[in-house]
Every structure is written in C-alpha cells, then in structure tokens.
$ cat entry02.cif   # mmCIF, C-alpha atoms
data_coords
#
loop_
_atom_site.label_atom_id
_atom_site.label_comp_id
_atom_site.auth_asym_id
_atom_site.auth_seq_id
_atom_site.Cartn_x
_atom_site.Cartn_y
_atom_site.Cartn_z
CA MET S 1 15.87 15.05 28.01
CA ASP S 2 14.02 14.25 24.76
CA ILE S 3 13.87 10.71 23.53
CA GLU S 4 13.32 10.07 19.86
CA VAL S 5 11.53 6.87 19.01
CA VAL S 6 13.08 5.23 15.99
CA THR S 7 11.08 2.68 14.05
CA TYR S 8 12.97 -0.35 12.83
CA TYR S 9 12.11 -1.90 9.50
CA ASP S 10 13.63 -5.05 8.16
CA ASP S 11 15.03 -3.48 5.00
CA ASN S 12 16.99 -6.65 4.37
CA LYS S 13 13.73 -8.34 3.37
CA LEU S 14 13.07 -5.60 0.81
CA HIS S 15 16.63 -5.81 -0.52
CA GLU S 16 16.30 -9.59 -0.84
CA TYR S 17 13.03 -9.10 -2.71
CA ASP S 18 14.63 -6.56 -5.07
CA ALA S 19 17.51 -8.95 -5.79
CA MET S 20 15.18 -11.84 -6.67
CA PRO S 21 14.44 -12.70 -10.28
CA PRO S 22 10.81 -11.87 -11.14
CA ASP S 23 9.91 -15.55 -11.52
CA ASP S 24 11.12 -16.30 -7.97
CA ARG S 25 9.04 -13.45 -6.56
CA ARG S 26 5.89 -15.27 -7.63
CA ASP S 27 6.81 -18.14 -5.31
CA ILE S 28 6.75 -15.97 -2.17
CA PRO S 29 3.94 -17.17 0.11
CA LEU S 30 1.11 -14.77 0.92
CA ASP S 31 2.37 -14.06 4.46
CA GLY S 32 5.71 -12.94 3.02
CA VAL S 33 4.03 -10.72 0.42
CA LEU S 34 1.82 -9.12 3.09
CA LYS S 35 4.83 -8.55 5.35
CA LEU S 36 6.82 -6.88 2.55
CA ALA S 37 3.89 -4.65 1.61
CA SER S 38 3.33 -3.77 5.26
CA ILE S 39 6.98 -2.75 5.64
CA CYS S 40 6.63 -0.49 2.58
CA ARG S 41 3.43 1.06 3.96
CA GLN S 42 4.99 1.65 7.38
CA LYS S 43 8.07 3.24 5.80
CA GLY S 44 5.80 5.49 3.75
CA ASN S 45 3.81 6.48 6.81
CA GLU S 46 6.98 7.28 8.71
CA THR S 47 8.37 9.51 5.96
CA PHE S 48 5.19 11.13 4.60
CA LYS S 49 5.40 14.42 6.52
CA LYS S 50 9.13 14.80 6.00
CA ASN S 51 9.41 13.62 2.41
CA SER S 52 6.20 12.80 0.59
CA ARG S 53 8.14 11.78 -2.55
CA GLN S 54 9.94 9.07 -0.60
CA ALA S 55 6.63 8.04 0.95
CA TYR S 56 5.07 7.85 -2.52
CA ASN S 57 7.89 5.54 -3.66
CA SER S 58 7.45 3.31 -0.60
CA TYR S 59 3.69 3.05 -1.09
CA LEU S 60 4.10 2.38 -4.80
CA LYS S 61 6.60 -0.39 -4.12
CA GLY S 62 4.20 -2.02 -1.65
CA TYR S 63 1.36 -1.67 -4.15
CA LYS S 64 3.41 -3.36 -6.87
CA ILE S 65 4.42 -6.18 -4.53
CA LEU S 66 0.76 -6.87 -3.75
CA ASP S 67 -0.28 -6.50 -7.38
CA SER S 68 2.27 -9.08 -8.53
CA HIS S 69 0.91 -11.82 -6.24
CA SER S 70 -1.75 -14.16 -7.56
CA PRO S 71 -4.01 -15.35 -4.74
CA ALA S 72 -4.49 -19.11 -4.46
CA ASN S 73 -8.02 -18.87 -3.08
CA GLU S 74 -10.75 -16.51 -1.91
CA GLU S 75 -9.28 -16.15 1.57
CA GLU S 76 -5.96 -15.00 0.13
CA GLU S 77 -7.82 -12.61 -2.16
CA TRP S 78 -9.48 -10.94 0.85
CA LYS S 79 -6.20 -10.64 2.73
CA LEU S 80 -4.53 -9.08 -0.30
CA GLN S 81 -7.41 -6.67 -0.75
CA GLU S 82 -7.29 -5.55 2.88
CA GLU S 83 -3.64 -4.53 2.57
CA LYS S 84 -4.15 -3.13 -0.91
CA ILE S 85 -6.91 -0.85 0.42
CA ARG S 86 -4.54 0.56 3.04
CA ILE S 87 -1.74 1.12 0.55
CA SER S 88 -4.03 2.45 -2.19
CA LEU S 89 -5.50 5.10 0.09
CA ASN S 90 -2.05 6.20 1.24
CA LEU S 91 -0.75 6.15 -2.32
CA ALA S 92 -3.70 8.26 -3.47
CA GLN S 93 -2.91 10.83 -0.78
CA ALA S 94 0.76 10.91 -1.81
CA CYS S 95 -0.29 11.38 -5.47
CA LEU S 96 -2.51 14.27 -4.41
CA GLU S 97 0.45 15.91 -2.64
CA HIS S 98 2.36 15.86 -5.93
CA GLY S 99 -0.44 17.01 -8.19
CA LYS S 100 -0.86 13.59 -9.79
CA THR S 101 -4.62 13.86 -9.80
CA ILE S 102 -5.24 11.13 -12.38
CA ASP S 103 -3.17 8.64 -10.38
CA CYS S 104 -4.82 9.86 -7.17
CA ARG S 105 -8.28 9.12 -8.55
CA ARG S 106 -7.11 5.75 -9.84
CA TYR S 107 -5.78 4.51 -6.49
CA ALA S 108 -8.59 6.02 -4.41
CA GLY S 109 -11.15 4.65 -6.85
CA GLU S 110 -9.58 1.21 -6.65
CA ALA S 111 -9.74 1.30 -2.86
CA ALA S 112 -13.38 2.41 -3.04
CA GLN S 113 -14.21 -0.48 -5.35
CA TYR S 114 -12.56 -2.99 -3.01
CA LEU S 115 -14.46 -1.49 -0.09
CA LEU S 116 -17.75 -1.75 -1.96
CA ASN S 117 -16.95 -5.39 -2.66
CA GLU S 118 -16.68 -5.85 1.12
CA ASN S 119 -20.33 -4.81 1.44
CA LEU S 120 -19.43 -1.66 3.40
CA LYS S 121 -17.75 -3.35 6.33
CA ASN S 122 -15.64 -0.22 6.65
CA PRO S 123 -17.62 2.89 5.66
CA THR S 124 -14.99 5.24 7.11
CA LYS S 125 -12.36 4.07 4.64
CA LEU S 126 -14.89 4.27 1.82
CA ALA S 127 -15.63 7.87 2.78
CA LYS S 128 -11.89 8.62 2.84
CA ALA S 129 -11.52 7.14 -0.65
CA HIS S 130 -14.38 9.22 -2.03
CA TYR S 131 -13.13 12.37 -0.31
CA THR S 132 -9.66 11.86 -1.80
CA ILE S 133 -11.20 11.49 -5.25
CA TYR S 134 -13.22 14.66 -4.62
CA LYS S 135 -10.09 16.61 -3.64
CA ALA S 136 -8.34 15.42 -6.80
CA THR S 137 -11.01 16.84 -9.10
#
$ encode --input "entry02.cif" --output "structure tokens"
Amino acid sequence: MDIEVVTYYDDNKLHEYDAMPPDDRRDIPLDGVLKLASICRQKGNETFKKNSRQAYNSYLKGYKILDSHSPANEEEEWKLQEEKIRISLNLAQACLEHGKTIDCRRYAGEAAQYLLNENLKNPTKLAKAHYTIYKAT
C-alpha cells in the first residue's frame, strides 16, 4: 500500500492577504510577512517539478510580499534578506525553466548581492546564484 504525503498550506492566510487593501498590507508585522512568503516558497517547491509555471507564480508572489515590507530596523532587514535569498534563488531557477534569462539573472544576481553583504556566511548559496546566472547566459 502506497501512502502519499500531502503538504498542508494555510491558503486562507494568502487569501486574506490578497483581499487586504494595499495600505493595510504595510501594517503586517514582520513575522506575518515572513510566514506568508514562506508559504509561497513552500507551495512553489511542492509544485516545481509538476508545474514550473505555477511554482514561478508562487515564488513571485512571495518575492513581492517580501519586497513590499519596509523593515523597521537592521535585524528585520537581515530576516527579510534571508527569506528573499531563498525565494530569489528559486525564482531565478523557475525563470530559467521558462527561458526568461533576463529575469533569471536579475533574481540570481540579487541573491548573490545579498549573500555578499552577509560576508560569505553561506558560500554554497552564493555559488548556486552565480551558477544560475552562468546558465542563463
């Protein structure tokens, strides 16, 4: 007997976010923004092999959620950057799958820049960003 593991995502949170007026979205605390972006990234990861277009849309939504948040301090900036690196690398890969090489280089380059700002705390991710840019050229 085969058992299929189904991942549960709280899509209600994403629907609530979509229904909010843009001004109200700015009032979401950092933890909420990170949670929403994480849900988008996880959904993208889950669907990437089956439907890379859907994964692209999920990653892009998470990217936009993070991009719309203004950090209150340096600590929030670092937390946002950590999640943005994850999403940017995944988004770059999804762009590459669809021949969007300019967008691929943009997102991978952005992730590489964030990683360089971290003083190479994660050289593996930096290498992945540069390799993705290489594949897009």
$ resolve_selection --input "entry02.cif" --expression "the PyMOL selection byres ((chain S and resi 14-20) around 10)" --output "PyMOL selection string"
chain S and resi 9-13+21-26+28+33+35-37+39-40+61-62+65
$ closest_residue --input "entry02.cif" --among "S:Leu34, S:Ala94, S:Leu89, S:Leu116" --to "Tyr56 of chain S" --atoms "all atoms listed in the file"
S:Ala94
$ axis_aligned_box --input "entry02.cif" --around "segment 129-137 of chain S" --padding-each-side "4 Å" --output "AutoDock Vina command-line options"
--center_x -11.4 --center_y 12.0 --center_z -4.7 --size_x 14.0 --size_y 17.7 --size_z 16.8
$ closest_residue --input "entry02.cif" --among "S:Tyr114, S:Ile102, S:Ala136, S:Lys128" --to "Lys79 of chain S" --atoms "all atoms listed in the file"
S:Tyr114
$ residues_around --input "entry02.cif" --residues "Arg53 of chain S" --least-positions-apart "4" --cutoff "12 Å" --atoms "all atoms listed in the file" --output "PyMOL selection string"
chain S and resi 43-45+47-49+57-60+91+93-100
$ resolve_selection --input "entry02.cif" --expression "the PyMOL selection byres ((chain S and resi 85) around 12)" --output "PyMOL selection string"
chain S and resi 37-38+41+59+62-63+66-67+78-84+86-92+107-118+122+125-126+128-129
$ closest_residue --input "entry02.cif" --among "S:Thr124, S:Thr137, S:Tyr131, S:Asp27" --to "His69 of chain S" --atoms "all atoms listed in the file"
S:Asp27
$ atom_distance --input "entry02.cif" --atom1 "atom CA of Ser52 of chain S" --atom2 "atom CA of His130 of chain S"
21.1 Å
$ atom_distance --input "entry02.cif" --atom1 "atom CA of Asn51 of chain S" --atom2 "atom CA of Lys64 of chain S"
20.3 Å
$ atom_distance --input "entry02.cif" --atom1 "atom CA of Arg106 of chain S" --atom2 "atom CA of Ala127 of chain S"
15.4 Å
